[in-house]
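Reading through the structure tokens given below for one structure.
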Amino acid sequence: MPESATALQPASAAEPPLLEIHGIRKGFPGVVALDNVGFKLRAGTVHALMGENGAGKSTLMKIIAGIYMPDRGDISLRGQRITLKSPIDALNQGIAMIHQELNLMPFMTVAENVWITREPKNRFGFVDHAELYRKTEELFKTLNIDIDVRVEVQTLSVANRQMVEIAKAVSYNSDVLIMDEPTSALTEKEVAHLFAIIHTLRAQGKGIIYITHKMNELFEIADEFSVFRDGKYIATKLSSEVTRDDIIKMMVGREITQMFPKLEVPIGEVVLSVKDLCLDGVFSDISFDVRAGEIVGMAGLVGSGRSNVAEALFGVTPATSGTITINGKQVVMHSPAVALAEGMAFLTEDRKETGCFLGLNIQENMDSAVLNQRYVKNGFVQNKQLNADCIAMAQRLRVKTPGMDEIILNLSGGNQQKVLVGRWLLTNPKILILDEPTRGIDVGAKAEIHRLVSELAGQGVAILMISSEMPEVLGMSDRIVVMHEGHVSGILDRNDADQISIMDLAAK
Amino acid sequence: MTMTISNATNAPASRAPSVGTSTKFKWPPEASILMVLVGISLFFEALGWYINGQSFIFNSERLQIIILQMSVVGIIAVGVNMVIITSGIDLSSGSVVAATAVVSASLAQVSDFPRAVFPALTDLPVIWPILAGMTVGLLIGLLNGSLIAFTAIPPFIATLGTMVAARGFAKWFTGGMPVSMLTDDFAAIGSGANPVYIFLVIAAIFHIVLRYTRFGKFTYAIGANRQAARVSGINVNRHLVYIYTIAGLLSGIAGSVTAARAISGQSGMGVMYELDAIAAVVIGGTSLVGGLGRITGTVIGVLILGVMMSGFTFIRIDAYYQEMVKGAIIVAAVIADQYRNKKRGR
């Protein structure tokens, strides 16, 4: 990396860094996402941010891009303190974020997208299209982007759309560009082109903050990197002076301070057996077993296909090939109704999207699944028995609420999660799939859910638990299936698993 | 090792009280709409004495007319209410009324009428025209439901298509001529207070279905969150087909009643009934977002519409003004719905 060598000449003491973040704290109800975090971005460098899922990188980027306001802490641009109240504020200060989910208008041309709200006008006040195209072409030339500025964005590939996003960000004369996993949807060739553009931007003296999960990218593109862990800043290093192992250690090297109530329970027969399961373009050749009383953890980075596997197992998005065997009987899992009838239960990852009926009350949220099986006589709901059992379940799970007719929207995340757990426990599942069961809930509720999961295993339920929280996976699981880019990259036994071995398999 | 556990279980007493049993009296959601109905009635009562020197409400003849006029829209509104609870919409109801009115009338003609639609099928027992009307409505509803569930086109478009097509069918079937000379038995369905009884029985049945059956519970669940309903093991597509089929069936019954009341089946019947039904449902507190709404509210919504129309006529306000005010009231009801949703944080 010859350019980086020149770019990294030690900045003179007089020259402040392009962007300096200091003492940032940001809390959300129940969690501290960032705690006293800081780092420095120097002009003409690519600065990578590394960390596990939930380390706080995305939250920090949203603060720098003006999407969130920090609770505490300073942001300085070229030594000047700035306050960012909105993304527009950030753009006006020269800080632009290129979003993971692209924000272009598909039916407008490339040029119109780049200059939206800032279109050049002719003397009649109409948009001057000739000038619009000329300006865009000029901009693209400085960035070595070769895209026809007159075509509609919908005709472009994902990679080209990303280029347009980058050009749009640069068109605001931005000096700080934030890229959140820009290569996640790109082919190798497209990645090379993206990196060429990043090199151009760096040579122009811009500072680029680059979030990635991919180690090899780090060594290829980044001059410096900072590691975050559990909302805390760990260290900043030059990428030329560390090895891959060093970084993994920095990322996972937390002490396990939380203890998990893992009970020793007898492990029974294989209940759920998955063989060569594929979903075209998403995951392939997934094979593993779960036994009665066993908790199988599923680890892997976000996007590695863990949730997709869970959805295929439960028939939400049926797999395209492979077999699912339950208690020795092969089952075609084409809808959740089938899975439910087979004694499966599935606590989904996204409480809002696929879990809660937000406008309905606790009772109605709890009984939706079990009504497929019980408490119904000639189509009529046996309300007396059902309500009594739901209240008993809510009490067992310690759902905090003034009454069962409370709308679930008014509960905290932890209590909502408990109601959803209750929904599935009412069905007396034999196989329980938990996707991020403790995401975004407070410590107390977390511990209660952990205890409950252990108890259920003790009662002989086969449990598959997807989690991005390393301590949770390590603390709870009997075995750990690690996924990487749609494949099982390894299955570790409880005794062989530690954070480093998992990270090694997850981040190849 | 057990630190966290014991922390969690022996945690402060504040954790112990979990599910409360608040028995505090709550007004049913219909209370506010009922107040509106009472308010509007009193408004016309006052104006009635002032302008006409007579009572608006305490006139049993007028009350009968109000309810009778609205019972056809009411029958439709029961089905539309269920559709809207699933966060869908049904625009085809009015056209289904026309299609079913002409079909059932065609099988209810008397034999001494020389230009019967089906000369071989005259003087039939009254059950046949009724069944025919219900079947036509059911089939159109089934088509609506299947389109929505299996092609995933929006309910607005699917039912817009059947709305236009069903009206076209009615015109083709009659060749633009009214189907008249119907049997006395058939006409009896629409005479006296019979339409009101039909409406109330249907409302009662589906009130019970929505409140006390699994089918009802699943209807709300699908409207509240379709994804979550599916993950809960509910066969969402099949359920939607049922719902739209019921809505079509009820419109079919409304069509037969309309034909019986007029003692004639015409392709121009039921124009805009779908909008009156939607208006009644929305005024009755059913949320267009889905997952919320009751039949009792819809019945009150139907009465509000009826009282308004009757009241305007009573105080001799021009029919054109009536429609303008009706439009304003529908919009006001939706604004109230938005406001309620905001309060619930949607």
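Order determines the names: the first chain of the structure tokens is A, the second B, and so forth; residues in each chain are numbered 1 upward, and ligands are numbered 1 upward as they are shown.
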Within 12 Å of Val149 in chain A, counting only C-alpha atoms, which residues qualify if same-chain residues fewer than 3 places away don't, as a PyMOL selection string? chain A and resi 108-115+129-141+145-146+152-153+155-156+160-161+163-164+167
Only C-alpha atoms, please: the residues just picked out, written as a short mmCIF file (atom, residue, chain, number, x, y, z; two decimals), in the first residue's frame.
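Result file follows (out-v3.cif):
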```
data_model
loop_
_atom_site.label_atom_id
_atom_site.label_comp_id
_atom_site.auth_asym_id
_atom_site.auth_seq_id
_atom_site.Cartn_x
_atom_site.Cartn_y
_atom_site.Cartn_z
CA MET A 108 -35.12 9.00 -11.61
CA THR A 109 -31.92 9.32 -13.60
CA VAL A 110 -28.47 9.02 -12.08
CA ALA A 111 -27.86 12.76 -12.43
CA GLU A 112 -31.20 13.68 -10.89
CA ASN A 113 -30.46 11.43 -7.95
CA VAL A 114 -27.05 12.94 -7.30
CA TRP A 115 -28.23 16.55 -7.28
CA HIS A 129 -30.81 19.25 -17.59
CA ALA A 130 -27.79 19.92 -19.80
CA GLU A 131 -26.00 21.53 -16.89
CA LEU A 132 -27.20 18.77 -14.58
CA TYR A 133 -25.66 16.10 -16.79
CA ARG A 134 -22.47 18.09 -17.32
CA LYS A 135 -21.95 18.57 -13.58
CA THR A 136 -22.56 14.90 -12.91
CA GLU A 137 -20.19 13.76 -15.61
CA GLU A 138 -17.53 16.09 -14.27
CA LEU A 139 -18.02 14.69 -10.78
CA PHE A 140 -17.88 11.10 -12.00
CA LYS A 141 -14.67 11.85 -13.89
CA ILE A 145 -16.74 6.33 -12.14
CA ASP A 146 -17.93 5.18 -15.54
CA GLU A 152 -32.64 5.54 -14.59
CA VAL A 153 -31.13 4.22 -11.38
CA THR A 155 -31.35 -0.18 -14.45
CA LEU A 156 -28.08 -0.13 -12.46
CA ASN A 160 -23.18 0.88 -9.56
CA ARG A 161 -25.90 2.25 -7.32
CA MET A 163 -21.00 4.29 -6.76
CA VAL A 164 -23.80 6.78 -7.35
CA ALA A 167 -20.61 10.33 -5.79
#
```
Skipping near chain neighbours, those fewer than 6 positions away, what residues fall within 10 Å of Thr298 in chain B using only C-alpha atoms, listed as a list in words? Glu30, Ile33, Gly74, Ala77, Val78, Val80, Asn81, Ala203, Ala277, Ile278, Ala279, Ala280, Val281, Val282, Ile283, Gly284, Gly285, Thr286 and Ile304 of chain B
Need the shell around Ile500 in chain A: protein/DNA/RNA residues with any atom at most 7 Å away, counting only C-alpha atoms. Skip same-chain ones fewer than 6 positions apart. Format as a PyMOL selection string? chain A and resi 248-249+252
Could you please write out, as a VMD selection string, every residue of range 13-261 of chain B that DSSP assigns to helix (DSSP H, G or I)? chain B and resid 13 to 15 30 to 52 60 to 85 93 to 106 127 to 151 155 to 174 184 to 189 194 to 212 214 to 224 226 to 231 236 to 261
Show me, as a ChimeraX atom specification, the residues that have an atom within 12 Å of Gly270 in chain B when counting only C-alpha atoms, minus same-chain residues fewer than 3 positions from it. /B:72-73,76,91-102,163,166-167,170,251-252,254-259,262,265-267,273-277
Neighbours of Ser111 in chain B within 9 Å (only C-alpha atoms; same-chain residues fewer than 3 positions away dropped), as JSON, numbers by chain? {"B": [114, 116, 119, 120, 121, 122, 123, 183]}
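Considering the residues A:Leu60, A:Leu420, A:Ala169, A:Ala337 and counting only C-alpha atoms, Asp350 in chain A has its shortest atom-to-atom contact with A:Leu420.
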Residues of chain A near chain B: apply a cut-off of 7 Å, count only C-alpha atoms, and supply the list as JSON, numbers by chain. {"A": [259, 260, 261, 316, 336, 337, 340, 353, 354, 355, 356, 357, 358, 359, 368, 369, 371, 376, 379, 380, 381, 394, 395, 398, 399, 400, 401, 402, 403, 444, 447, 448, 451]}
Arg494 in chain A surroundings by only C-alpha atoms, 8 Å radius, close-in-sequence under 5 positions cut, as JSON, numbers by chain: {"A": [474, 477, 478, 479, 480]}
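Taking only C-alpha atoms into account, Ile189 in chain B lies nearest to B:Arg261 out of the set B:Arg261, B:His207, B:Arg238, B:Arg62.
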For range 284-291 of chain A, list every protein, DNA or RNA residue within 7 Å, evaluated using only C-alpha atoms, and leave out those in the same chain fewer than 3 positions away; present the list as a PDB file with N, CA and C atoms, in the first residue's frame.
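The resulting file, result.pdb, is shown below:
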```
ATOM      1  N   ILE A 267     -28.816 -35.782  28.216  1.00  0.00           N
ATOM      2  CA  ILE A 267     -29.126 -35.520  26.813  1.00  0.00           C
ATOM      3  C   ILE A 267     -29.753 -36.773  26.222  1.00  0.00           C
ATOM      4  N   GLY A 268     -30.876 -36.607  25.547  1.00  0.00           N
ATOM      5  CA  GLY A 268     -31.614 -37.752  25.044  1.00  0.00           C
ATOM      6  C   GLY A 268     -31.348 -38.051  23.576  1.00  0.00           C
ATOM      7  N   GLU A 269     -32.381 -38.597  22.925  1.00  0.00           N
ATOM      8  CA  GLU A 269     -32.295 -38.976  21.517  1.00  0.00           C
ATOM      9  C   GLU A 269     -32.293 -37.750  20.623  1.00  0.00           C
ATOM     10  N   VAL A 270     -31.894 -37.944  19.374  1.00  0.00           N
ATOM     11  CA  VAL A 270     -31.967 -36.862  18.392  1.00  0.00           C
ATOM     12  C   VAL A 270     -33.443 -36.557  18.124  1.00  0.00           C
ATOM     13  N   VAL A 271     -33.839 -35.299  18.286  1.00  0.00           N
ATOM     14  CA  VAL A 271     -35.223 -34.903  18.045  1.00  0.00           C
ATOM     15  C   VAL A 271     -35.338 -34.234  16.677  1.00  0.00           C
ATOM     16  N   LEU A 272     -34.416 -33.329  16.426  1.00  0.00           N
ATOM     17  CA  LEU A 272     -34.435 -32.589  15.163  1.00  0.00           C
ATOM     18  C   LEU A 272     -33.144 -32.884  14.420  1.00  0.00           C
ATOM     19  N   SER A 273     -33.304 -33.362  13.189  1.00  0.00           N
ATOM     20  CA  SER A 273     -32.117 -33.644  12.396  1.00  0.00           C
ATOM     21  C   SER A 273     -32.233 -32.925  11.059  1.00  0.00           C
ATOM     22  N   VAL A 274     -31.245 -32.120  10.751  1.00  0.00           N
ATOM     23  CA  VAL A 274     -31.252 -31.316   9.529  1.00  0.00           C
ATOM     24  C   VAL A 274     -30.153 -31.844   8.631  1.00  0.00           C
ATOM     25  N   LYS A 275     -30.486 -32.129   7.375  1.00  0.00           N
ATOM     26  CA  LYS A 275     -29.467 -32.685   6.491  1.00  0.00           C
ATOM     27  C   LYS A 275     -29.457 -31.967   5.146  1.00  0.00           C
ATOM     28  N   ASP A 276     -28.291 -31.450   4.773  1.00  0.00           N
ATOM     29  CA  ASP A 276     -28.062 -30.828   3.458  1.00  0.00           C
ATOM     30  C   ASP A 276     -29.119 -29.784   3.114  1.00  0.00           C
ATOM     31  N   LEU A 277     -29.553 -29.026   4.089  1.00  0.00           N
ATOM     32  CA  LEU A 277     -30.600 -28.051   3.827  1.00  0.00           C
ATOM     33  C   LEU A 277     -30.053 -26.887   2.994  1.00  0.00           C
ATOM     34  N   CYS A 278     -30.781 -26.529   1.936  1.00  0.00           N
ATOM     35  CA  CYS A 278     -30.363 -25.430   1.054  1.00  0.00           C
ATOM     36  C   CYS A 278     -31.532 -24.488   0.823  1.00  0.00           C
ATOM     37  N   LEU A 279     -31.220 -23.204   0.715  1.00  0.00           N
ATOM     38  CA  LEU A 279     -32.165 -22.230   0.184  1.00  0.00           C
ATOM     39  C   LEU A 279     -31.374 -21.461  -0.860  1.00  0.00           C
ATOM     40  N   GLU A 294     -30.952 -30.847  24.856  1.00  0.00           N
ATOM     41  CA  GLU A 294     -29.715 -30.200  24.426  1.00  0.00           C
ATOM     42  C   GLU A 294     -29.999 -28.765  23.992  1.00  0.00           C
ATOM     43  N   VAL A 296     -28.428 -26.239  21.486  1.00  0.00           N
ATOM     44  CA  VAL A 296     -27.429 -26.029  20.445  1.00  0.00           C
ATOM     45  C   VAL A 296     -27.403 -24.541  20.131  1.00  0.00           C
ATOM     46  N   ALA A 462     -35.748 -29.852  23.017  1.00  0.00           N
ATOM     47  CA  ALA A 462     -34.564 -29.646  22.185  1.00  0.00           C
ATOM     48  C   ALA A 462     -34.539 -28.185  21.781  1.00  0.00           C
ATOM     49  N   GLY A 486     -23.450 -18.443   4.713  1.00  0.00           N
ATOM     50  CA  GLY A 486     -24.401 -19.436   4.227  1.00  0.00           C
ATOM     51  C   GLY A 486     -23.961 -20.882   4.371  1.00  0.00           C
ATOM     52  N   HIS A 487     -22.851 -21.121   5.060  1.00  0.00           N
ATOM     53  CA  HIS A 487     -22.399 -22.492   5.289  1.00  0.00           C
ATOM     54  C   HIS A 487     -22.147 -22.710   6.773  1.00  0.00           C
ATOM     55  N   VAL A 488     -22.178 -23.974   7.156  1.00  0.00           N
ATOM     56  CA  VAL A 488     -21.727 -24.292   8.500  1.00  0.00           C
ATOM     57  C   VAL A 488     -20.205 -24.382   8.438  1.00  0.00           C
TER      58      VAL A 488
END
```
Of the candidates B:Thr159, B:Ser104, B:Gln109, B:Ser180, which shows the shortest atom-to-atom distance to Leu131 in chain B, using only C-alpha atoms? B:Ser104
May I ask which of the residues B:Gly48, B:Pro125, B:Gly293, B:Gly301 is the closest one to Val36 in chain B, counting only C-alpha atoms? B:Gly301
Between CA of Ser304 in chain A and CA of Glu469 in chain A, distance in Å (one decimal): 14.7 Å
Please identify which residues in range 386-493 of chain A DSSP calls strand (DSSP E or B) from the backbone, and express them as number ranges by chain. A: 401, 407, 431-435, 462-466, 479-484, 487-493
For the selection just defined, write its residues with N, CA and C atoms to a file, as a compact mmCIF listing (two decimals), in the first residue's frame.
```txt
# COMPACT_ATOMS: atom_id res chain seq x y z
N THR A 401 -47.17 -6.14 34.29
CA THR A 401 -48.25 -5.42 33.62
C THR A 401 -49.42 -5.22 34.57
N ILE A 407 -52.38 -3.16 26.16
CA ILE A 407 -51.86 -3.28 24.79
C ILE A 407 -50.36 -3.54 24.86
N ILE A 431 -39.56 -28.88 20.31
CA ILE A 431 -38.38 -28.24 19.73
C ILE A 431 -38.60 -26.74 19.79
N LEU A 432 -37.62 -26.02 20.36
CA LEU A 432 -37.78 -24.59 20.52
C LEU A 432 -36.64 -23.89 19.78
N ILE A 433 -36.99 -23.05 18.81
CA ILE A 433 -35.97 -22.28 18.10
C ILE A 433 -36.05 -20.85 18.61
N LEU A 434 -34.92 -20.35 19.10
CA LEU A 434 -34.87 -19.00 19.65
C LEU A 434 -33.91 -18.19 18.80
N ASP A 435 -34.40 -17.12 18.20
CA ASP A 435 -33.53 -16.27 17.39
C ASP A 435 -33.28 -14.97 18.15
N ALA A 462 -35.75 -29.85 23.02
CA ALA A 462 -34.56 -29.65 22.18
C ALA A 462 -34.54 -28.19 21.78
N ILE A 463 -33.42 -27.51 22.02
CA ILE A 463 -33.39 -26.06 21.82
C ILE A 463 -32.28 -25.66 20.85
N LEU A 464 -32.67 -24.86 19.87
CA LEU A 464 -31.70 -24.26 18.95
C LEU A 464 -31.73 -22.77 19.23
N MET A 465 -30.57 -22.21 19.63
CA MET A 465 -30.56 -20.81 20.03
C MET A 465 -29.57 -20.01 19.21
N ILE A 466 -30.09 -19.12 18.39
CA ILE A 466 -29.24 -18.24 17.62
C ILE A 466 -28.92 -17.04 18.48
N ARG A 479 -23.58 -27.54 22.43
CA ARG A 479 -22.74 -27.51 21.24
C ARG A 479 -23.01 -26.22 20.50
N ILE A 480 -22.07 -25.81 19.64
CA ILE A 480 -22.23 -24.55 18.94
C ILE A 480 -22.00 -24.76 17.45
N VAL A 481 -23.04 -24.44 16.67
CA VAL A 481 -22.91 -24.48 15.22
C VAL A 481 -22.49 -23.08 14.78
N VAL A 482 -21.36 -22.98 14.07
CA VAL A 482 -20.91 -21.66 13.62
C VAL A 482 -21.16 -21.55 12.13
N MET A 483 -21.79 -20.43 11.74
CA MET A 483 -22.07 -20.23 10.32
C MET A 483 -21.23 -19.11 9.75
N HIS A 484 -20.90 -19.27 8.47
CA HIS A 484 -20.14 -18.25 7.76
C HIS A 484 -20.62 -18.23 6.32
N HIS A 487 -22.85 -21.12 5.06
CA HIS A 487 -22.40 -22.49 5.29
C HIS A 487 -22.15 -22.71 6.77
N VAL A 488 -22.18 -23.97 7.16
CA VAL A 488 -21.73 -24.29 8.50
C VAL A 488 -20.20 -24.38 8.44
N SER A 489 -19.53 -23.47 9.13
CA SER A 489 -18.06 -23.50 9.05
C SER A 489 -17.47 -24.37 10.15
N GLY A 490 -18.29 -24.82 11.09
CA GLY A 490 -17.78 -25.73 12.10
C GLY A 490 -18.81 -25.96 13.20
N ILE A 491 -18.72 -27.10 13.85
CA ILE A 491 -19.58 -27.38 15.01
C ILE A 491 -18.65 -27.69 16.18
N LEU A 492 -18.76 -26.88 17.22
CA LEU A 492 -17.83 -27.01 18.35
C LEU A 492 -18.55 -27.60 19.55
N ASP A 493 -17.83 -28.42 20.29
CA ASP A 493 -18.36 -28.96 21.52
C ASP A 493 -18.19 -27.92 22.62
```
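Put simply, CA of Met35 in chain B is 27.6 Å away from CA of Met404 in chain A.
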